[in-house]
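Below: work-v8.pdb (PDB, C-alpha atoms, pLDDT in the B column)
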```
ATOM      1  CA  LEU A   1       0.000   0.000   0.000  1.00 49.00           C
ATOM      2  CA  PRO A   2       1.994   3.075  -1.188  1.00 48.00           C
ATOM      3  CA  SER A   3       1.367   6.382   0.608  1.00 49.00           C
ATOM      4  CA  SER A   4       0.899   9.378  -1.688  1.00 45.00           C
ATOM      5  CA  ALA A   5       1.954  11.666   1.192  1.00 49.00           C
ATOM      6  CA  THR A   6       5.179   9.931   2.293  1.00 50.00           C
ATOM      7  CA  GLY A   7       6.003   7.696  -0.653  1.00 50.00           C
ATOM      8  CA  ARG A   8       6.480   4.781   1.733  1.00 55.00           C
ATOM      9  CA  THR A   9       4.967   1.382   1.050  1.00 62.00           C
ATOM     10  CA  ARG A  10       3.395  -0.927   3.621  1.00 62.00           C
ATOM     11  CA  SER A  11       2.825  -4.633   3.059  1.00 67.00           C
ATOM     12  CA  PHE A  12      -0.171  -6.588   4.294  1.00 68.00           C
ATOM     13  CA  ARG A  13       0.787 -10.226   4.830  1.00 69.00           C
ATOM     14  CA  GLY A  14      -1.546 -13.057   5.698  1.00 68.00           C
ATOM     15  CA  HIS A  15      -2.844 -14.726   2.560  1.00 72.00           C
ATOM     16  CA  GLU A  16      -1.348 -18.166   2.079  1.00 70.00           C
ATOM     17  CA  GLU A  17      -1.553 -17.952  -1.734  1.00 73.00           C
ATOM     18  CA  GLU A  18      -1.707 -15.312  -4.490  1.00 75.00           C
ATOM     19  CA  VAL A  19      -3.883 -12.221  -3.857  1.00 72.00           C
ATOM     20  CA  ARG A  20      -6.409 -11.729  -6.680  1.00 71.00           C
ATOM     21  CA  ALA A  21      -8.638  -8.793  -5.660  1.00 75.00           C
ATOM     22  CA  VAL A  22      -8.438  -5.766  -3.341  1.00 76.00           C
ATOM     23  CA  GLY A  23     -10.807  -2.949  -2.395  1.00 73.00           C
ATOM     24  CA  PHE A  24     -11.384  -0.314   0.286  1.00 73.00           C
ATOM     25  CA  THR A  25     -14.477   0.026   2.436  1.00 70.00           C
ATOM     26  CA  PRO A  26     -16.373   3.290   1.655  1.00 64.00           C
ATOM     27  CA  ASP A  27     -15.138   4.950   4.875  1.00 67.00           C
ATOM     28  CA  GLY A  28     -11.502   4.221   3.957  1.00 70.00           C
ATOM     29  CA  LYS A  29     -10.795   2.537   7.306  1.00 72.00           C
ATOM     30  CA  PHE A  30     -10.311  -0.973   5.995  1.00 73.00           C
ATOM     31  CA  LEU A  31      -8.775  -2.764   3.035  1.00 75.00           C
ATOM     32  CA  VAL A  32     -10.501  -5.939   1.821  1.00 76.00           C
ATOM     33  CA  SER A  33      -8.624  -8.627  -0.097  1.00 77.00           C
ATOM     34  CA  SER A  34      -9.263 -12.088  -1.513  1.00 73.00           C
ATOM     35  CA  GLY A  35      -6.824 -14.711  -2.697  1.00 73.00           C
ATOM     36  CA  ASN A  36      -6.325 -18.207  -4.025  1.00 76.00           C
ATOM     37  CA  ASP A  37      -6.496 -19.520  -0.447  1.00 74.00           C
ATOM     38  CA  GLY A  38     -10.284 -19.017  -0.564  1.00 70.00           C
ATOM     39  CA  ALA A  39     -10.266 -16.333   2.139  1.00 71.00           C
ATOM     40  CA  VAL A  40     -11.510 -12.751   2.275  1.00 73.00           C
ATOM     41  CA  ARG A  41      -9.419 -10.705   4.698  1.00 72.00           C
ATOM     42  CA  LEU A  42     -10.164  -7.377   6.312  1.00 72.00           C
ATOM     43  CA  TRP A  43      -7.209  -5.122   7.161  1.00 74.00           C
ATOM     44  CA  SER A  44      -6.870  -1.892   9.113  1.00 72.00           C
ATOM     45  CA  ALA A  45      -5.771   0.538   6.388  1.00 66.00           C
ATOM     46  CA  HIS A  46      -4.031   3.135   8.555  1.00 64.00           C
ATOM     47  CA  CYS A  47      -2.256   1.210  11.308  1.00 58.00           C
ATOM     48  CA  GLN A  48       1.543   1.333  11.401  1.00 46.00           C
ATOM     49  CA  ALA A  49       2.006  -2.440  11.521  1.00 43.00           C
ATOM     50  CA  PRO A  50      -0.853  -3.890   9.472  1.00 42.00           C
ATOM     51  CA  ASP A  51      -2.416  -7.068  10.861  1.00 49.00           C
ATOM     52  CA  GLY A  52      -5.487  -8.869   9.625  1.00 52.00           C
ATOM     53  CA  VAL A  53      -8.578  -7.752  11.544  1.00 54.00           C
ATOM     54  CA  GLU A  54     -10.834 -10.554  10.293  1.00 59.00           C
ATOM     55  CA  THR A  55     -10.595 -13.537   7.979  1.00 65.00           C
ATOM     56  CA  VAL A  56     -13.617 -15.156   6.335  1.00 66.00           C
ATOM     57  CA  HIS A  57     -13.176 -18.414   4.430  1.00 63.00           C
ATOM     58  CA  GLY A  58     -15.137 -20.014   1.612  1.00 59.00           C
ATOM     59  CA  PHE A  59     -14.712 -17.332  -1.038  1.00 61.00           C
ATOM     60  CA  SER A  60     -13.492 -17.582  -4.614  1.00 55.00           C
ATOM     61  CA  ALA A  61     -10.272 -15.826  -5.542  1.00 47.00           C
ATOM     62  CA  LEU A  62     -11.986 -14.385  -8.621  1.00 48.00           C
ATOM     63  CA  GLY A  63     -14.223 -11.323  -8.654  1.00 53.00           C
ATOM     64  CA  ALA A  64     -14.266  -8.061  -6.732  1.00 57.00           C
ATOM     65  CA  VAL A  65     -14.519  -7.807  -2.957  1.00 57.00           C
ATOM     66  CA  GLY A  66     -15.865  -5.008  -0.800  1.00 61.00           C
ATOM     67  CA  GLY A  67     -17.728  -4.096   2.333  1.00 60.00           C
ATOM     68  CA  ASN A  68     -18.693  -1.372   4.740  1.00 61.00           C
ATOM     69  CA  GLY A  69     -18.817  -1.013   8.507  1.00 63.00           C
ATOM     70  CA  ARG A  70     -20.975  -4.099   8.948  1.00 73.00           C
ATOM     71  CA  TRP A  71     -20.837  -6.368   5.885  1.00 76.00           C
ATOM     72  CA  LEU A  72     -18.182  -8.107   3.807  1.00 73.00           C
ATOM     73  CA  LEU A  73     -18.975  -9.043   0.236  1.00 73.00           C
ATOM     74  CA  GLY A  74     -17.331 -11.397  -2.202  1.00 71.00           C
ATOM     75  CA  ARG A  75     -17.969 -14.128  -4.716  1.00 70.00           C
ATOM     76  CA  ALA A  76     -18.390 -17.492  -3.023  1.00 68.00           C
ATOM     77  CA  GLU A  77     -16.784 -20.665  -4.335  1.00 64.00           C
ATOM     78  CA  SER A  78     -20.174 -21.640  -5.795  1.00 68.00           C
ATOM     79  CA  GLY A  79     -20.139 -18.486  -7.940  1.00 67.00           C
ATOM     80  CA  VAL A  80     -22.937 -16.600  -6.155  1.00 75.00           C
ATOM     81  CA  VAL A  81     -22.303 -13.325  -4.319  1.00 80.00           C
ATOM     82  CA  THR A  82     -22.243 -13.865  -0.567  1.00 78.00           C
ATOM     83  CA  CYS A  83     -22.647 -11.198   2.125  1.00 81.00           C
ATOM     84  CA  VAL A  84     -21.240 -11.835   5.614  1.00 77.00           C
ATOM     85  CA  ASP A  85     -22.600  -9.916   8.608  1.00 79.00           C
ATOM     86  CA  ARG A  86     -19.523  -8.947  10.637  1.00 72.00           C
ATOM     87  CA  GLN A  87     -21.589  -8.553  13.824  1.00 76.00           C
ATOM     88  CA  THR A  88     -23.333 -11.937  13.794  1.00 80.00           C
ATOM     89  CA  GLY A  89     -21.279 -14.013  11.373  1.00 76.00           C
ATOM     90  CA  GLU A  90     -24.424 -14.864   9.418  1.00 83.00           C
ATOM     91  CA  ARG A  91     -24.215 -15.242   5.653  1.00 79.00           C
ATOM     92  CA  ALA A  92     -26.711 -14.329   2.952  1.00 83.00           C
ATOM     93  CA  ARG A  93     -26.401 -15.014  -0.760  1.00 81.00           C
ATOM     94  CA  THR A  94     -27.943 -13.841  -3.966  1.00 80.00           C
ATOM     95  CA  PRO A  95     -30.745 -16.264  -4.890  1.00 78.00           C
ATOM     96  CA  GLY A  96     -30.652 -19.046  -7.464  1.00 73.00           C
ATOM     97  CA  ASP A  97     -27.630 -20.537  -9.170  1.00 68.00           C
ATOM     98  CA  ALA A  98     -26.739 -17.543 -11.363  1.00 71.00           C
ATOM     99  CA  GLN A  99     -23.077 -16.619 -11.050  1.00 80.00           C
ATOM    100  CA  ARG A 100     -22.651 -12.963 -10.173  1.00 85.00           C
ATOM    101  CA  GLU A 101     -19.858 -10.531  -9.368  1.00 83.00           C
ATOM    102  CA  PHE A 102     -19.960  -7.705  -6.838  1.00 83.00           C
ATOM    103  CA  LEU A 103     -19.497  -4.205  -8.315  1.00 86.00           C
ATOM    104  CA  ALA A 104     -20.194  -1.555  -5.652  1.00 85.00           C
ATOM    105  CA  TRP A 105     -22.125  -0.423  -2.597  1.00 83.00           C
ATOM    106  CA  ASP A 106     -24.661   2.344  -3.080  1.00 84.00           C
ATOM    107  CA  GLU A 107     -23.306   4.766  -0.477  1.00 74.00           C
ATOM    108  CA  GLY A 108     -25.811   5.946   2.115  1.00 74.00           C
ATOM    109  CA  THR A 109     -28.028   2.902   1.565  1.00 78.00           C
ATOM    110  CA  THR A 110     -27.888  -0.821   2.336  1.00 80.00           C
ATOM    111  CA  ARG A 111     -28.042  -2.031  -1.258  1.00 86.00           C
ATOM    112  CA  PHE A 112     -25.240  -3.204  -3.504  1.00 88.00           C
ATOM    113  CA  LEU A 113     -24.776  -3.699  -7.232  1.00 90.00           C
ATOM    114  CA  THR A 114     -23.781  -6.912  -9.014  1.00 90.00           C
ATOM    115  CA  ARG A 115     -23.500  -8.071 -12.587  1.00 89.00           C
ATOM    116  CA  ARG A 116     -24.277 -11.495 -13.956  1.00 88.00           C
ATOM    117  CA  ARG A 117     -20.946 -13.058 -14.740  1.00 83.00           C
ATOM    118  CA  GLY A 118     -19.949 -12.889 -18.388  1.00 85.00           C
ATOM    119  CA  THR A 119     -22.652 -10.317 -19.214  1.00 89.00           C
ATOM    120  CA  ALA A 120     -23.457  -6.605 -18.762  1.00 91.00           C
ATOM    121  CA  VAL A 121     -26.664  -7.317 -16.792  1.00 93.00           C
ATOM    122  CA  LEU A 122     -26.818  -5.195 -13.605  1.00 94.00           C
ATOM    123  CA  GLU A 123     -28.819  -6.220 -10.519  1.00 93.00           C
ATOM    124  CA  TRP A 124     -29.409  -4.534  -7.148  1.00 93.00           C
ATOM    125  CA  TRP A 125     -29.556  -6.479  -3.853  1.00 91.00           C
ATOM    126  CA  THR A 126     -29.935  -5.962  -0.119  1.00 89.00           C
ATOM    127  CA  PRO A 127     -27.451  -7.678   2.254  1.00 85.00           C
ATOM    128  CA  ASP A 128     -30.057 -10.330   3.133  1.00 86.00           C
ATOM    129  CA  GLY A 129     -30.235 -11.467  -0.496  1.00 87.00           C
ATOM    130  CA  ARG A 130     -33.429  -9.708  -1.626  1.00 90.00           C
ATOM    131  CA  ALA A 131     -33.718  -7.919  -4.975  1.00 92.00           C
ATOM    132  CA  ALA A 132     -33.580  -4.117  -4.533  1.00 92.00           C
ATOM    133  CA  GLY A 133     -34.547  -3.036  -8.049  1.00 87.00           C
ATOM    134  CA  PRO A 134     -35.100  -4.281 -11.593  1.00 89.00           C
ATOM    135  CA  ALA A 135     -32.267  -5.772 -13.646  1.00 92.00           C
ATOM    136  CA  THR A 136     -30.738  -3.579 -16.351  1.00 93.00           C
ATOM    137  CA  GLU A 137     -28.848  -4.895 -19.374  1.00 93.00           C
ATOM    138  CA  LEU A 138     -26.222  -2.539 -20.793  1.00 92.00           C
ATOM    139  CA  PRO A 139     -25.163  -2.674 -24.451  1.00 87.00           C
ATOM    140  CA  SER A 140     -21.929  -4.621 -24.886  1.00 80.00           C
ATOM    141  CA  PRO A 141     -19.937  -6.154 -27.744  1.00 72.00           C
ATOM    142  CA  GLY A 142     -20.596  -9.666 -26.453  1.00 71.00           C
ATOM    143  CA  GLY A 143     -18.158 -12.088 -24.895  1.00 74.00           C
ATOM    144  CA  ASP A 144     -17.197 -11.173 -21.334  1.00 81.00           C
ATOM    145  CA  PRO A 145     -17.285  -7.348 -21.098  1.00 87.00           C
ATOM    146  CA  LEU A 146     -15.287  -5.478 -18.467  1.00 87.00           C
ATOM    147  CA  LEU A 147     -17.257  -3.369 -15.971  1.00 91.00           C
ATOM    148  CA  ALA A 148     -16.533  -0.906 -13.153  1.00 91.00           C
ATOM    149  CA  ALA A 149     -18.999   1.053 -11.025  1.00 92.00           C
ATOM    150  CA  SER A 150     -18.710   4.454  -9.326  1.00 91.00           C
ATOM    151  CA  PRO A 151     -21.028   5.118  -6.344  1.00 86.00           C
ATOM    152  CA  ALA A 152     -20.114   8.829  -6.323  1.00 87.00           C
ATOM    153  CA  GLY A 153     -20.565   9.272 -10.058  1.00 90.00           C
ATOM    154  CA  ARG A 154     -23.508   6.841 -10.121  1.00 92.00           C
ATOM    155  CA  TRP A 155     -22.265   5.349 -13.376  1.00 95.00           C
ATOM    156  CA  VAL A 156     -21.053   2.025 -14.684  1.00 95.00           C
ATOM    157  CA  ALA A 157     -18.207   1.818 -17.214  1.00 94.00           C
ATOM    158  CA  VAL A 158     -18.324  -1.019 -19.746  1.00 92.00           C
ATOM    159  CA  THR A 159     -16.078  -1.967 -22.647  1.00 86.00           C
ATOM    160  CA  ALA A 160     -18.395  -1.060 -25.520  1.00 73.00           C
ATOM    161  CA  ALA A 161     -16.109  -1.954 -28.427  1.00 65.00           C
ATOM    162  CA  ARG A 162     -12.503  -2.958 -29.030  1.00 64.00           C
ATOM    163  CA  ARG A 163     -11.226   0.602 -28.602  1.00 76.00           C
ATOM    164  CA  GLU A 164     -14.054   2.284 -26.726  1.00 86.00           C
ATOM    165  CA  ILE A 165     -15.365   2.504 -23.146  1.00 90.00           C
ATOM    166  CA  ALA A 166     -18.934   3.650 -22.422  1.00 92.00           C
ATOM    167  CA  LEU A 167     -20.302   5.217 -19.224  1.00 94.00           C
ATOM    168  CA  HIS A 168     -23.938   4.438 -18.356  1.00 95.00           C
ATOM    169  CA  ASP A 169     -26.249   5.659 -15.602  1.00 95.00           C
ATOM    170  CA  TRP A 170     -26.213   2.787 -13.118  1.00 92.00           C
ATOM    171  CA  SER A 171     -29.960   2.960 -12.389  1.00 89.00           C
ATOM    172  CA  SER A 172     -31.533   3.542 -15.803  1.00 92.00           C
ATOM    173  CA  GLY A 173     -28.740   2.216 -18.026  1.00 93.00           C
ATOM    174  CA  ALA A 174     -28.859   5.410 -20.131  1.00 95.00           C
ATOM    175  CA  LEU A 175     -25.655   6.178 -22.039  1.00 94.00           C
ATOM    176  CA  LEU A 176     -23.803   9.159 -20.530  1.00 94.00           C
ATOM    177  CA  ARG A 177     -20.694   9.316 -22.749  1.00 92.00           C
ATOM    178  CA  THR A 178     -18.164   7.218 -24.602  1.00 90.00           C
ATOM    179  CA  MET A 179     -14.389   7.427 -24.358  1.00 88.00           C
ATOM    180  CA  PRO A 180     -11.824   6.211 -26.895  1.00 84.00           C
ATOM    181  CA  ALA A 181      -9.372   3.657 -25.568  1.00 78.00           C
ATOM    182  CA  PRO A 182      -6.518   3.490 -28.093  1.00 65.00           C
ATOM    183  CA  ARG A 183      -3.719   0.936 -27.753  1.00 63.00           C
ATOM    184  CA  LEU A 184      -5.291  -0.714 -24.718  1.00 61.00           C
ATOM    185  CA  ASN A 185      -5.529  -4.464 -24.167  1.00 72.00           C
ATOM    186  CA  ALA A 186      -7.647  -4.056 -21.052  1.00 75.00           C
ATOM    187  CA  ILE A 187      -8.151  -6.845 -18.537  1.00 76.00           C
ATOM    188  CA  SER A 188      -9.909  -4.834 -15.802  1.00 82.00           C
ATOM    189  CA  LEU A 189     -11.501  -1.426 -15.110  1.00 87.00           C
ATOM    190  CA  VAL A 190     -11.398   0.394 -11.748  1.00 88.00           C
ATOM    191  CA  ALA A 191     -13.354   3.557 -10.851  1.00 91.00           C
ATOM    192  CA  SER A 192     -11.964   6.159  -8.456  1.00 89.00           C
ATOM    193  CA  PRO A 193     -14.093   6.833  -5.335  1.00 81.00           C
ATOM    194  CA  ASP A 194     -15.086  10.319  -6.553  1.00 89.00           C
ATOM    195  CA  GLY A 195     -15.993   9.051 -10.034  1.00 91.00           C
ATOM    196  CA  ARG A 196     -13.602  11.466 -11.753  1.00 94.00           C
ATOM    197  CA  ARG A 197     -11.066   8.873 -12.867  1.00 94.00           C
ATOM    198  CA  LEU A 198     -11.142   5.458 -14.490  1.00 93.00           C
ATOM    199  CA  CYS A 199      -8.099   3.194 -14.308  1.00 89.00           C
ATOM    200  CA  VAL A 200      -7.583   0.563 -16.990  1.00 86.00           C
ATOM    201  CA  ARG A 201      -5.310  -2.353 -16.193  1.00 81.00           C
ATOM    202  CA  ASP A 202      -3.625  -3.514 -19.365  1.00 77.00           C
ATOM    203  CA  TRP A 203      -1.873  -6.854 -19.838  1.00 73.00           C
ATOM    204  CA  PRO A 204       0.517  -7.647 -18.286  1.00 70.00           C
ATOM    205  CA  ARG A 205       1.401  -4.667 -16.054  1.00 74.00           C
ATOM    206  CA  THR A 206       0.425  -1.371 -17.711  1.00 81.00           C
ATOM    207  CA  LEU A 207      -1.929   1.064 -15.970  1.00 84.00           C
ATOM    208  CA  ALA A 208      -3.727   3.923 -17.736  1.00 86.00           C
ATOM    209  CA  VAL A 209      -5.915   6.599 -16.101  1.00 90.00           C
ATOM    210  CA  CYS A 210      -8.675   8.519 -17.878  1.00 91.00           C
ATOM    211  CA  ASP A 211     -10.611  11.662 -16.894  1.00 94.00           C
ATOM    212  CA  THR A 212     -14.268  10.550 -17.037  1.00 93.00           C
ATOM    213  CA  ALA A 213     -15.623  14.062 -17.652  1.00 92.00           C
ATOM    214  CA  SER A 214     -13.466  14.897 -20.676  1.00 91.00           C
ATOM    215  CA  GLY A 215     -12.606  11.398 -21.858  1.00 89.00           C
ATOM    216  CA  GLN A 216      -8.918  12.397 -21.999  1.00 90.00           C
ATOM    217  CA  TRP A 217      -6.224   9.928 -20.993  1.00 89.00           C
ATOM    218  CA  LEU A 218      -4.059  11.506 -18.288  1.00 91.00           C
ATOM    219  CA  TRP A 219      -1.202   9.038 -18.088  1.00 85.00           C
ATOM    220  CA  ARG A 220      -0.122   5.528 -18.905  1.00 83.00           C
ATOM    221  CA  GLN A 221       2.833   3.686 -17.428  1.00 81.00           C
ATOM    222  CA  SER A 222       4.192   0.277 -16.545  1.00 78.00           C
ATOM    223  CA  ALA A 223       3.754  -0.792 -12.918  1.00 68.00           C
ATOM    224  CA  GLY A 224       6.677  -2.812 -11.598  1.00 64.00           C
ATOM    225  CA  THR A 225       8.333  -5.804 -13.214  1.00 63.00           C
ATOM    226  CA  GLY A 226       5.831  -8.605 -12.624  1.00 64.00           C
ATOM    227  CA  THR A 227       2.206  -9.147 -13.597  1.00 67.00           C
ATOM    228  CA  VAL A 228      -0.192  -6.786 -11.792  1.00 66.00           C
ATOM    229  CA  GLY A 229      -2.928  -8.925 -10.195  1.00 65.00           C
ATOM    230  CA  ALA A 230      -5.247  -6.259  -8.766  1.00 72.00           C
ATOM    231  CA  VAL A 231      -5.619  -2.447  -8.619  1.00 78.00           C
ATOM    232  CA  THR A 232      -7.752  -0.159  -6.452  1.00 78.00           C
ATOM    233  CA  PHE A 233      -7.992   3.560  -5.593  1.00 81.00           C
ATOM    234  CA  SER A 234      -7.623   4.781  -2.026  1.00 75.00           C
ATOM    235  CA  PRO A 235     -10.787   6.581  -0.804  1.00 71.00           C
ATOM    236  CA  ASP A 236      -8.739   9.728  -0.073  1.00 69.00           C
TER     237      ASP A 236
END
```
Take the structure from the file and write it as structure tokens.
Amino acid sequence: LPSSATGRTRSFRGHEEEVRAVGFTPDGKFLVSSGNDGAVRLWSAHCQAPDGVETVHGFSALGAVGGNGRWLLGRAESGVVTCVDRQTGERARTPGDAQREFLAWDEGTTRFLTRRRGTAVLEWWTPDGRAAGPATELPSPGGDPLLAASPAGRWVAVTAARREIALHDWSSGALLRTMPAPRLNAISLVASPDGRRLCVRDWPRTLAVCDTASGQWLWRQSAGTGTVGAVTFSPD
């Protein structure tokens, strides 16, 4: 975890195998991670000597993870999105056998957004596994489109064509704008907490950041020497 203020980097150690997804809770107090060991781990983001606060097992290494002050979310080994109540330890899951991926919490509410895996179909849920709104299908080029959601901007970004990214209203699905994505071989999209930036992770280690209001690409650079497994923005 690099600090933009000091330039120092802190390491969070605890996963027994490769880390595949990371995300911050909306309040910025905790970092959530999942790995090939099947665990979702909650970390204190600002302590000097980071130690795991909680570990929850039975999750898939694939798919985004998240949470807030009470719940942890991730994709279970069965492929459904599972929500764990940190106060009681109880688990709730999205209904049926459809495989879904967590996208974002709707800040200020108790609902969260998922997409059906391999599609651009958006669905809203409450932590107890009840539907919280109608499903919306966004236009996509087919295959397995990349998606990212911004609670602050209230939009969802989706790869609309080989060299284009589209922003849609996350409730109605209406198209807000499109952005060209030249020379990108994207493998994931990440929205900044304020919705002003979109980070594209290119294979194998290139990161590119776009201004979502203007559609202009601000910078693109290689990150390290190995393959980048996961990227997230700090809430601050």
Quick one: residues within 7 Å of A:Gly143, only C-alpha atoms counted, chain neighbours fewer than 2 positions away excluded, as a JSON list (two decimals) with C-alpha atoms, in the frame of the given file?
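Okay, part06.json is ready:
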```json
[["chain", "number", "residue", "atom", "x", "y", "z"],
["A", 118, "GLY", "CA", -19.95, -12.89, -18.39],
["A", 141, "PRO", "CA", -19.94, -6.15, -27.74],
["A", 145, "PRO", "CA", -17.28, -7.35, -21.10]]
```
*What is the distance, in Å and to one decimal place, between atom CA of A:Lys29 and atom CA of A:Val190?*
19.2 Å
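Using only C-alpha atoms for every distance, the candidate list A:Leu31, A:Leu189, A:Val158, A:Leu122 yields A:Val158 as the residue closest to A:Gly142.
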_Residue neighbourhood A:Leu198, 7 Å, only C-alpha atoms, exclusion window fewer than 3 positions, as a list in words_ =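 The residues satisfying every condition are Leu189, Val190, Ala191, Ser192, Val209, Cys210, Asp211 and Thr212 of chain A.
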Keeping only C-alpha atoms, write those residues as a short mmCIF file (atom, residue, chain, number, x, y, z; two decimals), in the coordinates of the input.
```cif
data_model
loop_
_atom_site.label_atom_id
_atom_site.label_comp_id
_atom_site.auth_asym_id
_atom_site.auth_seq_id
_atom_site.Cartn_x
_atom_site.Cartn_y
_atom_site.Cartn_z
CA LEU A 189 -11.50 -1.43 -15.11
CA VAL A 190 -11.40 0.39 -11.75
CA ALA A 191 -13.35 3.56 -10.85
CA SER A 192 -11.96 6.16 -8.46
CA VAL A 209 -5.92 6.60 -16.10
CA CYS A 210 -8.68 8.52 -17.88
CA ASP A 211 -10.61 11.66 -16.89
CA THR A 212 -14.27 10.55 -17.04
#
```
_Selection under test: the PyMOL selection byres ((chain A and resi 200) around 10); residues as an MDAnalysis selection string_ = chainID A and resid 146 148 181 184:191 197:199 201:203 206:210 220 231
*Taking (-28.0, -12.0, -3.7) in the file's coordinates as the center, which residues reach within 9 Å of it, counting only C-alpha atoms, put as a list in words?*
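The residues that fall inside the cut-off are Val80, Val81, Thr82, Cys83, Ala92, Arg93, Thr94, Pro95, Gly96, Arg100, Thr114, Glu123, Trp124, Trp125, Thr126, Pro127, Asp128, Gly129, Arg130 and Ala131 of chain A.
Remark: residues at most 9 Å from position (-22.7, 2.8, -22.5) in file coordinates are Leu138, Pro139, Ser140, Val156, Ala157, Val158, Thr159, Ala160, Ile165, Ala166, Leu167, His168, Asp169, Gly173, Ala174, Leu175, Leu176, Arg177 and Thr178 of chain A, using all atoms listed in the file.
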Once the PyMOL selection byres ((chain A and resi 34) around 6) has been evaluated on this model, what residues remain selected, and can you format them as a PDB file with C-alpha atoms, in the coordinates of the input?
```
ATOM      1  CA  VAL A  19      -3.883 -12.221  -3.857  1.00 72.00           C
ATOM      2  CA  ARG A  20      -6.409 -11.729  -6.680  1.00 71.00           C
ATOM      3  CA  ALA A  21      -8.638  -8.793  -5.660  1.00 75.00           C
ATOM      4  CA  SER A  33      -8.624  -8.627  -0.097  1.00 77.00           C
ATOM      5  CA  GLY A  35      -6.824 -14.711  -2.697  1.00 73.00           C
ATOM      6  CA  ALA A  39     -10.266 -16.333   2.139  1.00 71.00           C
ATOM      7  CA  VAL A  40     -11.510 -12.751   2.275  1.00 73.00           C
ATOM      8  CA  ALA A  61     -10.272 -15.826  -5.542  1.00 47.00           C
TER       9      ALA A  61
END
```
*asked:* Translate the PyMOL selection byres ((chain A and resi 193) around 7) into a concrete residue list for this structure, as a PyMOL selection string.
replied: chain A and resi 150+152+191-192+194-195+233+235
Just-selected residues, C-alpha atoms written as a PDB file, in the frame of the given file:
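Here's the written file again.pdb:
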```
ATOM      1  CA  SER A 150     -18.710   4.454  -9.326  1.00 91.00           C
ATOM      2  CA  ALA A 152     -20.114   8.829  -6.323  1.00 87.00           C
ATOM      3  CA  ALA A 191     -13.354   3.557 -10.851  1.00 91.00           C
ATOM      4  CA  SER A 192     -11.964   6.159  -8.456  1.00 89.00           C
ATOM      5  CA  ASP A 194     -15.086  10.319  -6.553  1.00 89.00           C
ATOM      6  CA  GLY A 195     -15.993   9.051 -10.034  1.00 91.00           C
ATOM      7  CA  PHE A 233      -7.992   3.560  -5.593  1.00 81.00           C
ATOM      8  CA  PRO A 235     -10.787   6.581  -0.804  1.00 71.00           C
TER       9      PRO A 235
END
```
*Nearest to A:Ala213 among A:Arg70, A:Arg75, A:Arg115, A:Arg196, with distances taken over only C-alpha atoms: which residue is it?*
A:Arg196
*Tell me which protein, DNA and RNA residues are within 6 Å of stretch 102-110 of chain A, counting all atoms listed in the file, leaving out same-chain ones fewer than 2 positions away, and put them as number ranges by chain.*
A: 64, 112-114, 149, 151
